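**Q** Below is structure.csv; it holds CSV, C-alpha atoms.
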chain,number,residue,atom,x,y,z
A,1,MET,CA,-26.0,8.1,3.0
A,2,GLU,CA,-25.5,10.8,0.4
A,3,GLN,CA,-22.0,12.2,0.0
A,4,PRO,CA,-21.4,15.8,1.2
A,5,MET,CA,-21.5,18.2,-1.8
A,6,LYS,CA,-17.8,18.9,-1.6
A,7,HIS,CA,-17.0,15.2,-2.1
A,8,ARG,CA,-19.3,15.1,-5.2
A,9,VAL,CA,-17.5,18.1,-6.6
A,10,LEU,CA,-14.2,16.5,-5.9
A,11,GLU,CA,-15.2,13.4,-7.8
A,12,ILE,CA,-16.0,15.6,-10.9
A,13,LEU,CA,-12.6,17.4,-10.6
A,14,GLU,CA,-10.8,14.1,-10.3
A,15,GLN,CA,-12.6,12.8,-13.4
A,16,SER,CA,-11.5,16.0,-15.2
A,17,ARG,CA,-7.9,16.1,-14.2
A,18,ASP,CA,-6.7,16.3,-17.8
A,19,GLY,CA,-8.4,19.7,-18.4
A,20,ASP,CA,-10.7,22.4,-17.0
A,21,ILE,CA,-14.3,22.1,-16.2
A,22,SER,CA,-16.6,25.1,-15.8
A,23,GLY,CA,-18.5,25.9,-12.7
A,24,SER,CA,-21.7,25.9,-14.7
A,25,LYS,CA,-21.1,22.4,-16.0
A,26,ILE,CA,-20.4,21.2,-12.5
A,27,ALA,CA,-23.6,22.9,-11.2
A,28,ALA,CA,-25.6,21.3,-14.0
A,29,GLN,CA,-24.3,17.8,-13.3
A,30,LEU,CA,-25.1,18.1,-9.6
A,31,GLY,CA,-28.3,20.1,-9.9
A,32,ILE,CA,-26.9,22.9,-7.7
A,33,THR,CA,-26.1,26.6,-8.1
A,34,ARG,CA,-22.7,28.0,-9.2
A,35,ALA,CA,-22.6,29.6,-5.8
A,36,ALA,CA,-22.9,26.2,-4.2
A,37,VAL,CA,-20.0,24.9,-6.5
A,38,TRP,CA,-17.8,27.8,-5.4
A,39,LYS,CA,-18.6,27.1,-1.7
A,40,ALA,CA,-17.6,23.4,-2.2
A,41,ILE,CA,-14.4,24.5,-4.0
A,42,ARG,CA,-13.5,26.7,-1.1
A,43,ALA,CA,-14.1,23.9,1.4
A,44,LEU,CA,-11.9,21.5,-0.6
A,45,GLU,CA,-9.1,24.1,-0.7
A,46,LYS,CA,-9.3,24.4,3.1
A,47,GLU,CA,-8.7,20.7,3.2
A,48,GLY,CA,-5.5,21.2,1.2
A,49,HIS,CA,-6.6,20.4,-2.3
A,50,ARG,CA,-4.9,22.6,-4.8
A,51,ILE,CA,-7.5,23.9,-7.3
A,52,GLU,CA,-6.9,26.4,-10.0
A,53,ALA,CA,-9.7,28.7,-11.1
A,54,VAL,CA,-9.4,30.5,-14.4
A,55,PRO,CA,-12.0,33.0,-15.7
A,56,ARG,CA,-14.1,31.7,-18.7
A,57,ARG,CA,-12.3,28.3,-18.4
A,58,GLY,CA,-13.3,26.9,-15.0
A,59,TYR,CA,-11.7,24.8,-12.4
A,60,ARG,CA,-9.0,22.1,-12.3
A,61,LEU,CA,-7.0,20.1,-9.8
A,62,LEU,CA,-3.3,21.1,-10.1
A,63,PRO,CA,-0.9,18.2,-10.9
A,64,ASP,CA,0.7,18.5,-7.5
A,65,SER,CA,-2.6,18.3,-5.7
A,66,ASP,CA,-2.1,14.8,-4.2
A,67,ILE,CA,-4.4,14.4,-1.2
A,68,LEU,CA,-5.6,10.9,-0.6
A,69,SER,CA,-9.4,10.7,-0.8
A,70,ALA,CA,-12.0,8.0,-1.1
A,71,GLU,CA,-13.4,9.8,-4.2
A,72,ALA,CA,-10.0,9.7,-6.1
A,73,ILE,CA,-9.3,6.1,-5.1
A,74,GLY,CA,-12.8,5.0,-6.1
A,75,LEU,CA,-12.4,6.4,-9.6
A,76,HIS,CA,-9.6,3.9,-10.3
A,77,LEU,CA,-11.0,1.0,-8.3
A,78,ALA,CA,-11.9,-2.1,-10.4
A,79,THR,CA,-12.5,-4.5,-7.5
A,80,ARG,CA,-15.6,-6.4,-6.4
A,81,THR,CA,-14.7,-6.6,-2.7
A,82,LEU,CA,-11.4,-4.9,-1.7
A,83,GLY,CA,-11.8,-1.2,-0.9
A,84,ARG,CA,-15.6,-1.3,-1.3
A,85,GLY,CA,-15.8,-0.5,2.4
A,86,LEU,CA,-13.2,2.3,2.4
A,87,VAL,CA,-12.1,4.5,5.3
A,88,VAL,CA,-9.7,7.3,4.4
A,89,LEU,CA,-8.1,9.2,7.4
A,90,PRO,CA,-5.8,12.2,7.6
A,91,SER,CA,-4.0,10.6,10.5
A,92,VAL,CA,-4.1,7.5,12.7
A,93,ASP,CA,-1.8,5.7,15.1
A,94,SER,CA,-1.7,2.6,12.9
A,95,THR,CA,-4.0,1.5,10.1
A,96,ASN,CA,-3.6,-2.1,11.2
A,97,THR,CA,-4.7,-1.3,14.7
A,98,TYR,CA,-7.6,0.7,13.5
A,99,LEU,CA,-8.8,-2.1,11.2
A,100,LYS,CA,-8.4,-4.7,13.9
A,101,ASN,CA,-11.0,-2.8,15.9
A,102,LEU,CA,-13.3,-2.7,12.9
A,103,ALA,CA,-12.8,-6.5,12.4
A,104,LEU,CA,-13.7,-7.2,16.0
A,105,ARG,CA,-16.9,-5.3,15.4
A,106,GLY,CA,-17.8,-7.5,12.4
A,107,ALA,CA,-16.4,-5.5,9.4
A,108,LYS,CA,-16.7,-7.4,6.1
A,109,GLU,CA,-13.9,-8.8,4.1
A,110,GLY,CA,-12.4,-6.2,1.9
A,111,THR,CA,-12.8,-3.4,4.3
A,112,THR,CA,-9.8,-1.1,3.8
A,113,VAL,CA,-8.3,1.7,5.8
A,114,VAL,CA,-6.0,4.3,4.2
A,115,ALA,CA,-4.2,7.1,6.0
A,116,ASP,CA,-2.1,10.0,5.0
A,117,CYS,CA,0.0,9.7,8.2
A,118,GLN,CA,0.6,7.2,11.0
A,119,THR,CA,1.8,8.3,14.4
A,120,GLY,CA,2.6,4.7,15.5
A,121,GLY,CA,3.3,2.8,12.3
A,122,ARG,CA,4.6,-0.7,12.9
A,123,GLY,CA,6.8,-3.0,10.9
A,124,ARG,CA,7.9,-6.6,11.5
A,125,LEU,CA,9.8,-7.8,14.6
A,126,GLY,CA,8.6,-4.7,16.6
A,127,ARG,CA,10.2,-2.2,14.3
A,128,THR,CA,8.8,1.3,13.7
A,129,PHE,CA,7.6,2.2,10.2
A,130,VAL,CA,8.2,5.9,9.6
A,131,SER,CA,4.9,7.3,8.2
A,132,PRO,CA,5.1,11.1,7.6
A,133,ALA,CA,2.1,13.1,6.2
A,134,GLY,CA,2.0,13.7,2.5
A,135,CYS,CA,4.9,11.2,1.8
A,136,GLY,CA,3.3,7.8,1.5
A,137,ILE,CA,0.4,5.4,1.3
A,138,TYR,CA,-0.4,3.6,4.6
A,139,MET,CA,-3.2,1.1,4.1
A,140,SER,CA,-4.6,-2.1,5.7
A,141,VAL,CA,-6.9,-4.6,4.1
A,142,LEU,CA,-9.1,-7.1,5.8
A,143,PHE,CA,-9.4,-10.7,4.7
A,144,ARG,CA,-11.6,-13.4,6.3
A,145,PRO,CA,-10.1,-16.6,4.8
A,146,LYS,CA,-11.2,-20.1,5.7
A,147,GLY,CA,-7.8,-21.7,6.4
A,148,SER,CA,-4.9,-22.1,8.7
A,149,PRO,CA,-2.6,-19.5,10.2
A,150,ASP,CA,0.1,-20.7,7.7
A,151,GLN,CA,-1.8,-18.6,5.1
A,152,SER,CA,-0.3,-15.4,6.6
A,153,ALA,CA,3.1,-16.0,5.0
A,154,LEU,CA,1.5,-16.8,1.7
A,155,ILE,CA,-0.7,-13.7,1.7
A,156,THR,CA,2.3,-11.6,2.6
A,157,ALA,CA,4.0,-12.9,-0.6
A,158,CYS,CA,0.8,-12.4,-2.5
A,159,GLY,CA,0.7,-8.8,-1.3
A,160,ALA,CA,4.3,-8.1,-2.3
A,161,VAL,CA,3.6,-9.3,-5.8
A,162,ALA,CA,0.4,-7.2,-6.0
A,163,VAL,CA,2.2,-4.0,-4.8
A,164,ALA,CA,5.1,-4.6,-7.2
A,165,ARG,CA,2.7,-4.9,-10.1
A,166,ALA,CA,0.7,-1.8,-9.1
A,167,VAL,CA,3.9,0.3,-8.8
A,168,GLU,CA,5.1,-0.9,-12.2
A,169,GLU,CA,1.7,-0.2,-13.8
A,170,VAL,CA,1.2,3.3,-12.4
A,171,THR,CA,4.8,4.6,-12.2
A,172,GLY,CA,6.9,2.5,-14.7
A,173,VAL,CA,9.2,1.5,-11.8
A,174,SER,CA,9.9,-2.3,-11.5
A,175,PRO,CA,10.5,-3.2,-7.8
A,176,GLN,CA,12.3,-6.3,-6.6
A,177,ILE,CA,11.2,-8.2,-3.5
A,178,LYS,CA,13.4,-8.8,-0.5
A,179,TRP,CA,12.2,-11.8,1.4
A,180,VAL,CA,9.9,-11.7,3.1
A,181,ASN,CA,8.0,-8.4,3.0
A,182,ASP,CA,10.1,-5.5,1.6
A,183,LEU,CA,10.0,-4.0,-1.9
A,184,MET,CA,13.2,-2.6,-3.1
A,185,VAL,CA,14.3,-0.2,-5.9
A,186,GLU,CA,18.0,0.2,-6.6
A,187,GLY,CA,18.8,-1.0,-3.1
A,188,LYS,CA,16.3,1.3,-1.4
A,189,LYS,CA,13.3,0.1,0.5
A,190,ILE,CA,10.1,1.6,-0.9
A,191,CYS,CA,7.5,-0.6,0.7
A,192,GLY,CA,7.0,-2.8,3.7
A,193,ILE,CA,4.2,-5.3,4.4
A,194,LEU,CA,3.0,-6.4,7.8
A,195,THR,CA,0.4,-9.2,8.0
A,196,GLU,CA,-1.4,-9.9,11.2
A,197,ALA,CA,-3.8,-12.8,12.0
A,198,ALA,CA,-6.4,-13.6,14.6
A,199,MET,CA,-7.5,-17.1,15.5
A,200,GLU,CA,-11.0,-18.5,16.2
A,201,LEU,CA,-10.7,-20.2,19.6
A,202,GLU,CA,-13.3,-22.9,18.9
A,203,SER,CA,-12.1,-24.1,15.5
A,204,GLY,CA,-8.5,-23.1,15.7
A,205,GLY,CA,-8.8,-21.6,12.2
A,206,LEU,CA,-8.4,-18.0,11.1
A,207,ASP,CA,-10.9,-15.4,12.2
A,208,TYR,CA,-9.3,-12.7,10.0
A,209,LEU,CA,-6.1,-11.6,8.3
A,210,ILE,CA,-5.0,-8.0,8.0
A,211,VAL,CA,-2.5,-7.0,5.4
A,212,GLY,CA,-0.8,-3.8,6.2
A,213,ILE,CA,1.1,-2.0,3.4
A,214,GLY,CA,3.3,1.0,3.8
A,215,ILE,CA,4.6,2.6,0.6
A,216,ASN,CA,7.1,5.5,0.5
A,217,VAL,CA,5.9,7.6,-2.4
A,218,ARG,CA,7.4,11.1,-1.9
A,219,ARG,CA,10.9,12.0,-0.6
A,220,LEU,CA,11.2,11.8,3.2
A,221,PRO,CA,11.6,15.2,4.9
A,222,GLU,CA,15.2,16.3,5.6
A,223,GLU,CA,14.7,16.2,9.3
A,224,PHE,CA,14.2,12.4,9.4
A,225,PRO,CA,16.9,10.4,11.1
A,226,GLN,CA,19.9,9.5,8.9
A,227,PRO,CA,19.6,5.7,9.6
A,228,VAL,CA,16.1,5.8,8.1
A,229,ARG,CA,17.2,7.9,5.1
A,230,GLN,CA,20.0,5.5,4.4
A,231,VAL,CA,17.6,2.5,4.1
A,232,ALA,CA,14.4,4.1,2.7
A,233,GLY,CA,13.8,5.3,-0.8
A,234,ALA,CA,10.8,7.0,-2.5
A,235,ILE,CA,9.1,5.9,-5.7
A,236,ASP,CA,8.9,9.4,-7.2
A,237,THR,CA,12.7,9.6,-7.3
A,238,PHE,CA,12.7,6.7,-9.7
A,239,ALA,CA,9.4,7.1,-11.5
A,240,ALA,CA,9.3,7.8,-15.2
A,241,ARG,CA,6.0,9.7,-15.1
A,242,PRO,CA,3.8,11.7,-12.7
A,243,PHE,CA,1.2,9.8,-10.7
A,244,SER,CA,-1.2,10.4,-7.8
A,245,ARG,CA,-1.1,8.4,-4.5
A,246,SER,CA,-4.9,7.7,-4.8
A,247,ARG,CA,-4.4,6.1,-8.2
A,248,LEU,CA,-1.5,4.0,-6.8
A,249,ALA,CA,-3.6,2.9,-3.8
A,250,ALA,CA,-6.4,1.8,-6.1
A,251,ALA,CA,-4.0,-0.1,-8.3
A,252,VAL,CA,-2.7,-2.0,-5.2
A,253,LEU,CA,-6.2,-3.0,-4.3
A,254,ASN,CA,-7.0,-4.1,-7.9
A,255,HIS,CA,-3.9,-6.3,-8.1
A,256,LEU,CA,-4.3,-7.6,-4.6
A,257,GLU,CA,-7.8,-8.8,-5.2
A,258,GLU,CA,-6.7,-10.4,-8.5
A,259,GLU,CA,-3.8,-12.2,-6.9
A,260,ALA,CA,-5.6,-13.2,-3.7
A,261,GLY,CA,-8.4,-14.7,-5.8
A,262,ARG,CA,-6.0,-17.2,-7.3
A,263,MET,CA,-3.9,-17.7,-4.2
A,264,ASP,CA,-4.7,-21.4,-4.1
A,265,THR,CA,-3.0,-21.9,-7.4
A,266,GLY,CA,0.3,-20.6,-6.1
A,267,ALA,CA,0.8,-18.8,-9.5
A,268,TYR,CA,2.0,-15.6,-7.8
A,269,LEU,CA,4.9,-17.4,-6.2
A,270,GLU,CA,6.6,-17.7,-9.6
A,271,GLU,CA,6.6,-13.9,-9.9
A,272,TYR,CA,7.6,-13.5,-6.3
A,273,ARG,CA,10.7,-15.7,-7.0
A,274,ALA,CA,11.4,-13.9,-10.3
A,275,ARG,CA,11.4,-10.5,-8.5
A,276,SER,CA,13.6,-11.7,-5.6
A,277,CYS,CA,16.7,-9.7,-4.8
A,278,VAL,CA,17.8,-12.4,-2.3
A,279,LEU,CA,18.0,-15.6,-4.2
A,280,GLY,CA,21.5,-16.6,-5.2
A,281,ARG,CA,23.0,-14.1,-2.7
A,282,PRO,CA,24.8,-14.6,0.6
A,283,VAL,CA,22.6,-13.7,3.6
A,284,THR,CA,22.8,-13.6,7.4
A,285,VAL,CA,20.0,-14.3,9.8
A,286,VAL,CA,19.0,-11.3,11.8
A,287,GLY,CA,19.5,-12.0,15.5
A,288,ASP,CA,22.1,-14.7,14.9
A,289,PRO,CA,25.0,-13.7,17.3
A,290,ALA,CA,27.5,-15.8,15.3
A,291,GLY,CA,26.6,-13.9,12.1
A,292,LYS,CA,26.8,-17.1,10.0
A,293,VAL,CA,26.8,-16.6,6.3
A,294,TRP,CA,24.3,-18.7,4.2
A,295,GLN,CA,23.4,-18.8,0.5
A,296,ALA,CA,19.8,-18.1,-0.3
A,297,VAL,CA,18.9,-21.0,-2.7
A,298,GLU,CA,15.1,-21.3,-2.9
A,299,ILE,CA,11.7,-19.9,-1.9
A,300,ASP,CA,9.4,-22.9,-1.4
A,301,ASP,CA,5.7,-23.3,-1.9
A,302,GLN,CA,4.9,-21.9,1.5
A,303,ALA,CA,6.9,-18.8,0.8
A,304,ARG,CA,9.7,-19.9,3.2
A,305,LEU,CA,13.3,-19.1,2.4
A,306,VAL,CA,15.7,-22.1,2.0
A,307,VAL,CA,19.3,-21.3,2.8
A,308,GLU,CA,22.4,-23.4,2.5
A,309,ASP,CA,25.8,-23.2,4.2
A,310,GLU,CA,29.3,-24.1,2.8
A,311,THR,CA,28.8,-27.8,3.7
A,312,GLY,CA,25.6,-28.1,1.7
A,313,ALA,CA,23.4,-28.3,4.8
A,314,ARG,CA,20.1,-26.5,4.4
A,315,GLN,CA,17.8,-24.6,6.7
A,316,VAL,CA,14.2,-23.4,6.1
A,317,LEU,CA,13.5,-19.9,7.4
A,318,ASN,CA,10.0,-19.1,8.6
A,319,SER,CA,8.9,-15.5,8.0
A,320,ARG,CA,7.1,-15.3,11.3
A,321,GLU,CA,10.3,-15.9,13.2
A,322,ILE,CA,13.3,-14.8,11.2
A,323,SER,CA,14.4,-12.1,8.8
A,324,VAL,CA,17.5,-12.0,6.7
A,325,ARG,CA,20.1,-9.4,5.7
A,326,THR,CA,21.8,-9.5,2.4
A,327,LEU,CA,25.5,-9.0,2.2
Here is a file; write its structure as structure tokens.
**A**
Amino acid sequence: MEQPMKHRVLEILEQSRDGDISGSKIAAQLGITRAAVWKAIRALEKEGHRIEAVPRRGYRLLPDSDILSAEAIGLHLATRTLGRGLVVLPSVDSTNTYLKNLALRGAKEGTTVVADCQTGGRGRLGRTFVSPAGCGIYMSVLFRPKGSPDQSALITACGAVAVARAVEEVTGVSPQIKWVNDLMVEGKKICGILTEAAMELESGGLDYLIVGIGINVRRLPEEFPQPVRQVAGAIDTFAARPFSRSRLAAAVLNHLEEEAGRMDTGAYLEEYRARSCVLGRPVTVVGDPAGKVWQAVEIDDQARLVVEDETGARQVLNSREISVRTL
């Protein structure tokens, strides 16, 4: 199906972000009139895109125009599979829930849902993931692996490495990873990952895996609850250079496909361990009424956290059952 004309105009504006492009040049590229270009520009502005029009110079997207769009993500996408079936929504209850419904209807591996806002964003252990409009990237990616449910922990670790690499590439910020699914910068959480799996009843194997990624990009609004503000951080408060959310979303998909493609080698686990902000530190197990203090000593080849108490006794923590709190 051919794209609406406004989307084709938006693609050209995204490609020309570093300068102006005249209405006549856009018209010539698309084989339309300058009046049709102007109409498309007006439609994009109504959607919230900030476009500057300067006589005798043309149009350009302003640097602070940062609306997530399939066109902008596609410009930076270098994948073969991930994001090639892309749904971008202004708002959704949960990208994971939305993608589950697509998966049940036979969506292909790599199908990706990106939203500007979630009204019911979810984190691990039943927690809420605050997902305000214009502040983050909320995305879910569908995998259809041939393996066991144990892969869910590994692909969560794989996803954490991919997001960390993408953030570093696009923004210059180098996140650490807090086992099992949080990315941290200077003690603030900038990303959470929620992996959900569905089983095939006959084979007992995986039907699909959905990797949900929530990234805090812009500062949270002042009205957000103080407990959230104490924990959460935003990438743009640490970033060394300006960037768009669409470019960052594409970089996440690029790195996720690369890392998932070599997941069997376990190579990403070395970087996962190197980025850990938990190893070597005292931790407590969330939900332990005694609040026993352990030392985090290792992340094993199944991405499980190995902890040790003062007697030298060790315990292996499974990400599906337990979380940790650093002291």
**Q** Could you tell me how far atom CA of Gln15 of chain A lies from atom CA of Ala36 of chain A, in Å and to one decimal?
**A**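 So the two atoms, atom CA of Gln15 of chain A and atom CA of Ala36 of chain A, lie 19.2 Å apart.
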**Q** Extract, using only C-alpha atoms, all DNA, RNA and protein residues at most 10 Å from Leu89 of chain A, discarding same-chain residues fewer than 4 positions from it, and format them as a PyMOL selection string.
**A** chain A and resi 68-70+95+113-118+138
**Q** At most 8 Å from (12.3, -11.3, 1.3), file frame, all atoms listed in the file: which residues, as number ranges by chain?
**A** A: 177-182, 276-278, 305, 323-324
**Q** Give me the segment 161-201 of chain A side of the contact with segment 205-216 of chain A, cut-off 10 Å, one line per residue showing its nearest atom pair and distance in Å at one decimal, counting all atoms listed in the file, sorted by chain and residue number, as CSV.
**A**
residue,atom,partner,partner_atom,distance
A:Val163,CA,A:Ile213,CA,8.5
A:Val167,CA,A:Ile215,CA,9.7
A:Asn181,CA,A:Ile213,CA,9.4
A:Asp182,CA,A:Gly214,CA,9.7
A:Leu183,CA,A:Ile215,CA,8.9
A:Lys189,CA,A:Asn216,CA,8.2
A:Ile190,CA,A:Asn216,CA,5.1
A:Cys191,CA,A:Ile215,CA,4.3
A:Gly192,CA,A:Gly214,CA,5.3
A:Ile193,CA,A:Ile213,CA,4.6
A:Leu194,CA,A:Gly212,CA,4.9
A:Thr195,CA,A:Val211,CA,4.5
A:Glu196,CA,A:Ile210,CA,5.2
A:Ala197,CA,A:Leu209,CA,4.5
A:Ala198,CA,A:Asp207,CA,5.4
A:Met199,CA,A:Leu206,CA,4.6
A:Glu200,CA,A:Asp207,CA,5.1
A:Leu201,CA,A:Gly205,CA,7.8
**Q** Which residue gives the smallest distance to Glu14 of chain A among A:Ile32, A:Val37, A:Met139, A:Ala72, with all atoms listed in the file counted?
**A**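 Using all atoms listed in the file, Glu14 of chain A sits closest to A:Ala72.
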**Q** Emit a file covering segment 166-176 of chain A of the preceding structure with all heavy atoms, as a PDB file, in the first residue's frame.
**A**
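Final output, part_2.pdb:
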ATOM      1  N   ALA A 166      23.145   0.977  22.020  1.00  0.00           N
ATOM      2  CA  ALA A 166      22.424   1.978  21.230  1.00  0.00           C
ATOM      3  C   ALA A 166      22.488   3.343  21.896  1.00  0.00           C
ATOM      4  O   ALA A 166      22.722   4.366  21.232  1.00  0.00           O
ATOM      5  CB  ALA A 166      20.980   1.543  21.040  1.00  0.00           C
ATOM      6  N   VAL A 167      22.274   3.382  23.197  1.00  0.00           N
ATOM      7  CA  VAL A 167      22.327   4.652  23.939  1.00  0.00           C
ATOM      8  C   VAL A 167      23.723   5.261  23.813  1.00  0.00           C
ATOM      9  O   VAL A 167      23.882   6.470  23.580  1.00  0.00           O
ATOM     10  CB  VAL A 167      21.934   4.436  25.417  1.00  0.00           C
ATOM     11  CG1 VAL A 167      22.239   5.683  26.244  1.00  0.00           C
ATOM     12  CG2 VAL A 167      20.455   4.076  25.529  1.00  0.00           C
ATOM     13  N   GLU A 168      24.731   4.423  23.959  1.00  0.00           N
ATOM     14  CA  GLU A 168      26.107   4.911  23.867  1.00  0.00           C
ATOM     15  C   GLU A 168      26.410   5.455  22.471  1.00  0.00           C
ATOM     16  O   GLU A 168      27.019   6.523  22.314  1.00  0.00           O
ATOM     17  CB  GLU A 168      27.059   3.765  24.212  1.00  0.00           C
ATOM     18  CG  GLU A 168      28.486   4.201  24.506  1.00  0.00           C
ATOM     19  CD  GLU A 168      29.265   3.073  25.155  1.00  0.00           C
ATOM     20  OE1 GLU A 168      29.608   2.100  24.433  1.00  0.00           O
ATOM     21  OE2 GLU A 168      29.523   3.155  26.365  1.00  0.00           O
ATOM     22  N   GLU A 169      25.974   4.740  21.444  1.00  0.00           N
ATOM     23  CA  GLU A 169      26.232   5.161  20.061  1.00  0.00           C
ATOM     24  C   GLU A 169      25.553   6.482  19.728  1.00  0.00           C
ATOM     25  O   GLU A 169      26.158   7.377  19.116  1.00  0.00           O
ATOM     26  CB  GLU A 169      25.730   4.071  19.112  1.00  0.00           C
ATOM     27  CG  GLU A 169      25.780   4.440  17.640  1.00  0.00           C
ATOM     28  CD  GLU A 169      24.996   3.457  16.773  1.00  0.00           C
ATOM     29  OE1 GLU A 169      25.225   2.244  16.895  1.00  0.00           O
ATOM     30  OE2 GLU A 169      24.151   3.912  15.989  1.00  0.00           O
ATOM     31  N   VAL A 170      24.299   6.633  20.125  1.00  0.00           N
ATOM     32  CA  VAL A 170      23.506   7.783  19.695  1.00  0.00           C
ATOM     33  C   VAL A 170      23.719   9.004  20.580  1.00  0.00           C
ATOM     34  O   VAL A 170      23.702  10.141  20.089  1.00  0.00           O
ATOM     35  CB  VAL A 170      22.005   7.405  19.652  1.00  0.00           C
ATOM     36  CG1 VAL A 170      21.129   8.623  19.380  1.00  0.00           C
ATOM     37  CG2 VAL A 170      21.767   6.334  18.588  1.00  0.00           C
ATOM     38  N   THR A 171      23.945   8.791  21.881  1.00  0.00           N
ATOM     39  CA  THR A 171      23.963   9.922  22.821  1.00  0.00           C
ATOM     40  C   THR A 171      25.311  10.175  23.472  1.00  0.00           C
ATOM     41  O   THR A 171      25.517  11.227  24.064  1.00  0.00           O
ATOM     42  CB  THR A 171      22.937   9.702  23.940  1.00  0.00           C
ATOM     43  OG1 THR A 171      23.424   8.722  24.864  1.00  0.00           O
ATOM     44  CG2 THR A 171      21.599   9.237  23.379  1.00  0.00           C
ATOM     45  N   GLY A 172      26.215   9.208  23.423  1.00  0.00           N
ATOM     46  CA  GLY A 172      27.491   9.363  24.115  1.00  0.00           C
ATOM     47  C   GLY A 172      27.444   8.957  25.569  1.00  0.00           C
ATOM     48  O   GLY A 172      28.471   8.984  26.260  1.00  0.00           O
ATOM     49  N   VAL A 173      26.279   8.570  26.067  1.00  0.00           N
ATOM     50  CA  VAL A 173      26.117   8.138  27.454  1.00  0.00           C
ATOM     51  C   VAL A 173      26.389   6.635  27.544  1.00  0.00           C
ATOM     52  O   VAL A 173      25.945   5.865  26.690  1.00  0.00           O
ATOM     53  CB  VAL A 173      24.684   8.437  27.956  1.00  0.00           C
ATOM     54  CG1 VAL A 173      24.460   7.882  29.359  1.00  0.00           C
ATOM     55  CG2 VAL A 173      24.427   9.936  27.930  1.00  0.00           C
ATOM     56  N   SER A 174      27.118   6.203  28.582  1.00  0.00           N
ATOM     57  CA  SER A 174      27.466   4.787  28.748  1.00  0.00           C
ATOM     58  C   SER A 174      26.714   4.200  29.938  1.00  0.00           C
ATOM     59  O   SER A 174      27.159   4.339  31.085  1.00  0.00           O
ATOM     60  CB  SER A 174      28.978   4.627  28.958  1.00  0.00           C
ATOM     61  OG  SER A 174      29.687   5.088  27.838  1.00  0.00           O
ATOM     62  N   PRO A 175      25.582   3.532  29.698  1.00  0.00           N
ATOM     63  CA  PRO A 175      24.798   2.987  30.809  1.00  0.00           C
ATOM     64  C   PRO A 175      25.453   1.754  31.432  1.00  0.00           C
ATOM     65  O   PRO A 175      26.193   1.007  30.782  1.00  0.00           O
ATOM     66  CB  PRO A 175      23.465   2.598  30.155  1.00  0.00           C
ATOM     67  CG  PRO A 175      23.471   3.238  28.808  1.00  0.00           C
ATOM     68  CD  PRO A 175      24.908   3.337  28.415  1.00  0.00           C
ATOM     69  N   GLN A 176      25.154   1.558  32.706  1.00  0.00           N
ATOM     70  CA  GLN A 176      25.449   0.309  33.386  1.00  0.00           C
ATOM     71  C   GLN A 176      24.179  -0.533  33.421  1.00  0.00           C
ATOM     72  O   GLN A 176      23.079  -0.035  33.158  1.00  0.00           O
ATOM     73  CB  GLN A 176      25.950   0.570  34.802  1.00  0.00           C
ATOM     74  CG  GLN A 176      27.308   1.250  34.865  1.00  0.00           C
ATOM     75  CD  GLN A 176      27.756   1.446  36.305  1.00  0.00           C
ATOM     76  OE1 GLN A 176      27.168   2.221  37.055  1.00  0.00           O
ATOM     77  NE2 GLN A 176      28.818   0.748  36.690  1.00  0.00           N
TER      78      GLN A 176
END
